[in-house]
Amino acid sequence: MKNIFITQRESIASNEIRDCLDNRWFTFFDKCKILPTLIPNNKSTLNNYISDFQCDGIVLSGGGNIHSLGGDKRRDDIETLLIEYSINENIPLIGVCRGMQKIQDFFGIPLKKVEGHIQEKQEIYINKEIHEVNSYHEYGTYQNNDNFEIWAIGKDKVIKAIQHKKFLISGIMWHPERISPNRNFDINFFREFFK
C-alpha cells in the first residue's frame, strides 16, 4: 500500500483546538489501496514526519477556507510546506476542494466568490464528458495561468480540476470521499496518480 500524507482541518470544541478528518476518507483510501498518515497542524511534528516516515504522496484535504479567504493560518502554513516538499522531492500531491484552492493560491491564481457551487449533485465536464459530482465551495476561479492544464470545468466555466504542467500536482474541486458509493473514476484517478 502507498503511504499518503493527508492534511486535516482545525476545529475548536470544549476549549480545545483539534485536528480532524472526515471518517469517509478511510473507506475511500481503502478502495484506493492507500494507507493514510494524518498530518497535524504543527510544523515541528510535520518536520519529524518528513524525516522519519516514507511519503509516497500527499493529499491536501477539503473543509473550510484558505487563510487569505479567512481560514486557518496554521493549516495554510503546513500545506505551503507540503507543496514545497512535493516540488522539491518530486512527490505527487492532490488538492481536494480547499486543497485545490490552496494550490491555486500558492501559484498566484486569484480566487473569488462563485454562485451555485454548494450542492450535493452537480454536472461538470471532465475531459469533455459529463460527470455528476458534488460541490461544496464558495470560492473558485474562471482564470488559469500557464502553469496548469484544466481537465474539468463546470457548466458555468468555473474551473473544477487542474494538473500542473511540470510538477506532480493536481487538484479537484469535488469531494470523492463524500460520494456514496465511491466513484470508480475517482478511485482509479487516485490509484494512478499515486502509482
# chains A, B, ... in the order shown; residues from 1 in each chain; ligands from 1

$ select_by_dssp --residues "chain A" --states "strand (DSSP E)" --output "MDAnalysis selection string"
chainID A and resid 2:7 9:13 16:20 34:39 57:60 93:96 112:113 118:126 129:136 139:140 148:154 159:164 169:172

$ select_by_dssp --residues "range 42-164 of chain A" --states "alpha helix (DSSP H)" --output "PyMOL selection string"
chain A and resi 43-52+73-89+98-106

$ closest_residue --among "A:Lys155, A:Lys33, A:Arg75, A:Arg9" --to "Asn188 in chain A" --atoms "only C-alpha atoms"
A:Lys33

$ residues_around --residues "Leu69 in chain A" --least-positions-apart "3" --cutoff "12 Å" --atoms "only C-alpha atoms" --output "PDB file with N, CA and C atoms, in the first residue's frame"
ATOM      1  N   GLY A  64     -13.420  24.090   4.886  1.00  0.00           N
ATOM      2  CA  GLY A  64     -13.030  25.437   5.296  1.00  0.00           C
ATOM      3  C   GLY A  64     -12.377  26.220   4.169  1.00  0.00           C
ATOM      4  N   ASN A  65     -11.871  27.393   4.527  1.00  0.00           N
ATOM      5  CA  ASN A  65     -11.238  28.287   3.560  1.00  0.00           C
ATOM      6  C   ASN A  65      -9.737  28.393   3.810  1.00  0.00           C
ATOM      7  N   ILE A  66      -9.022  28.752   2.762  1.00  0.00           N
ATOM      8  CA  ILE A  66      -7.598  29.040   2.923  1.00  0.00           C
ATOM      9  C   ILE A  66      -7.446  30.344   3.707  1.00  0.00           C
ATOM     10  N   ASP A  72      -7.774  29.054   8.446  1.00  0.00           N
ATOM     11  CA  ASP A  72      -6.735  28.806   9.444  1.00  0.00           C
ATOM     12  C   ASP A  72      -5.327  29.051   8.901  1.00  0.00           C
ATOM     13  N   LYS A  73      -4.550  29.862   9.624  1.00  0.00           N
ATOM     14  CA  LYS A  73      -3.165  30.123   9.209  1.00  0.00           C
ATOM     15  C   LYS A  73      -2.264  28.922   9.473  1.00  0.00           C
ATOM     16  N   ASP A  76      -2.709  26.493   6.724  1.00  0.00           N
ATOM     17  CA  ASP A  76      -2.128  27.040   5.499  1.00  0.00           C
ATOM     18  C   ASP A  76      -0.609  26.906   5.495  1.00  0.00           C
ATOM     19  N   ARG A  98     -10.792  22.676  -0.922  1.00  0.00           N
ATOM     20  CA  ARG A  98      -9.938  23.682  -0.298  1.00  0.00           C
ATOM     21  C   ARG A  98      -8.474  23.440  -0.672  1.00  0.00           C
ATOM     22  N   GLN A 101      -7.823  24.940  -3.927  1.00  0.00           N
ATOM     23  CA  GLN A 101      -7.741  26.389  -3.762  1.00  0.00           C
ATOM     24  C   GLN A 101      -6.376  26.795  -3.206  1.00  0.00           C
ATOM     25  N   LYS A 102      -5.839  25.996  -2.283  1.00  0.00           N
ATOM     26  CA  LYS A 102      -4.507  26.280  -1.730  1.00  0.00           C
ATOM     27  C   LYS A 102      -3.450  26.200  -2.827  1.00  0.00           C
ATOM     28  N   ASP A 105      -3.821  29.300  -5.010  1.00  0.00           N
ATOM     29  CA  ASP A 105      -3.297  30.456  -4.289  1.00  0.00           C
ATOM     30  C   ASP A 105      -1.764  30.435  -4.259  1.00  0.00           C
ATOM     31  N   PRO A 110      -5.787  33.998  -8.652  1.00  0.00           N
ATOM     32  CA  PRO A 110      -6.731  34.637  -7.727  1.00  0.00           C
ATOM     33  C   PRO A 110      -8.068  33.893  -7.664  1.00  0.00           C
ATOM     34  N   LEU A 111      -8.630  33.827  -6.462  1.00  0.00           N
ATOM     35  CA  LEU A 111      -9.929  33.191  -6.236  1.00  0.00           C
ATOM     36  C   LEU A 111     -10.957  34.256  -5.884  1.00  0.00           C
ATOM     37  N   LYS A 112     -12.199  34.007  -6.270  1.00  0.00           N
ATOM     38  CA  LYS A 112     -13.269  34.937  -5.915  1.00  0.00           C
ATOM     39  C   LYS A 112     -14.538  34.142  -5.647  1.00  0.00           C
ATOM     40  N   LYS A 113     -15.534  34.799  -5.038  1.00  0.00           N
ATOM     41  CA  LYS A 113     -16.798  34.127  -4.749  1.00  0.00           C
ATOM     42  C   LYS A 113     -17.456  33.694  -6.052  1.00  0.00           C
ATOM     43  N   HIS A 137     -18.073  24.467  -2.420  1.00  0.00           N
ATOM     44  CA  HIS A 137     -17.152  25.600  -2.279  1.00  0.00           C
ATOM     45  C   HIS A 137     -17.809  26.928  -2.649  1.00  0.00           C
ATOM     46  N   GLU A 138     -17.427  27.954  -1.899  1.00  0.00           N
ATOM     47  CA  GLU A 138     -17.906  29.317  -2.150  1.00  0.00           C
ATOM     48  C   GLU A 138     -16.966  30.095  -3.060  1.00  0.00           C
ATOM     49  N   TYR A 139     -15.710  29.672  -3.112  1.00  0.00           N
ATOM     50  CA  TYR A 139     -14.709  30.390  -3.891  1.00  0.00           C
ATOM     51  C   TYR A 139     -14.195  29.503  -5.018  1.00  0.00           C
ATOM     52  N   GLY A 140     -13.880  30.138  -6.113  1.00  0.00           N
ATOM     53  CA  GLY A 140     -13.346  29.413  -7.258  1.00  0.00           C
ATOM     54  C   GLY A 140     -12.740  30.408  -8.219  1.00  0.00           C
TER      55      GLY A 140
END

$ residues_around --residues "Ser44 in chain A" --least-positions-apart "3" --cutoff "12 Å" --atoms "only C-alpha atoms" --output "list in words"
Ile39, Pro40, Asn41, Asn47, Asn48, Tyr49, Ile50, Ser51, Arg74, Asp77, Ile78 and Leu81 of chain A

$ write_last_selection --atoms "N, CA, C and O atoms" --output "short mmCIF file (atom, residue, chain, number, x, y, z; two decimals), in the first residue's frame"
data_model
loop_
_atom_site.label_atom_id
_atom_site.label_comp_id
_atom_site.auth_asym_id
_atom_site.auth_seq_id
_atom_site.Cartn_x
_atom_site.Cartn_y
_atom_site.Cartn_z
N ILE A 39 -1.66 14.26 9.04
CA ILE A 39 -0.67 15.31 9.32
C ILE A 39 -1.29 16.33 10.26
O ILE A 39 -2.30 16.96 9.93
N PRO A 40 -0.70 16.52 11.44
CA PRO A 40 -1.21 17.55 12.36
C PRO A 40 -0.81 18.95 11.89
O PRO A 40 0.14 19.11 11.12
N ASN A 41 -1.54 19.94 12.35
CA ASN A 41 -1.23 21.32 12.01
C ASN A 41 -0.17 21.87 12.97
O ASN A 41 -0.40 22.80 13.74
N ASN A 47 7.86 18.27 10.39
CA ASN A 47 9.28 18.05 10.05
C ASN A 47 9.76 16.67 10.50
O ASN A 47 10.53 16.02 9.80
N ASN A 48 9.27 16.21 11.66
CA ASN A 48 9.61 14.86 12.12
C ASN A 48 9.00 13.79 11.20
O ASN A 48 9.64 12.79 10.90
N TYR A 49 7.77 14.00 10.78
CA TYR A 49 7.12 13.06 9.86
C TYR A 49 7.92 12.95 8.57
O TYR A 49 8.14 11.87 8.05
N ILE A 50 8.32 14.12 8.05
CA ILE A 50 9.06 14.14 6.78
C ILE A 50 10.38 13.40 6.90
O ILE A 50 10.78 12.67 6.00
N SER A 51 11.06 13.54 8.04
CA SER A 51 12.35 12.88 8.20
C SER A 51 12.23 11.41 8.59
O SER A 51 13.12 10.61 8.29
N ARG A 74 -2.46 28.23 10.62
CA ARG A 74 -1.61 27.07 10.92
C ARG A 74 -1.71 26.03 9.81
O ARG A 74 -0.70 25.49 9.35
N ASP A 77 0.02 27.20 6.64
CA ASP A 77 1.48 27.08 6.74
C ASP A 77 1.92 25.64 6.50
O ASP A 77 2.92 25.39 5.80
N ILE A 78 1.20 24.68 7.06
CA ILE A 78 1.52 23.25 6.87
C ILE A 78 1.39 22.89 5.40
O ILE A 78 2.26 22.22 4.83
N LEU A 81 4.22 24.22 3.26
CA LEU A 81 5.41 23.37 3.42
C LEU A 81 5.26 22.07 2.62
O LEU A 81 6.23 21.60 2.01
#

$ closest_residue --among "A:Arg24, A:Arg191, A:Lys160, A:Arg18" --to "Met173 in chain A" --atoms "only C-alpha atoms"
A:Lys160

$ atom_distance --atom1 "CA of Phe29 in chain A" --atom2 "CA of Arg178 in chain A"
12.0 Å

$ closest_residue --among "A:Gly70, A:Gly62, A:Gly116, A:Gly95" --to "Leu82 in chain A" --atoms "only C-alpha atoms"
A:Gly95
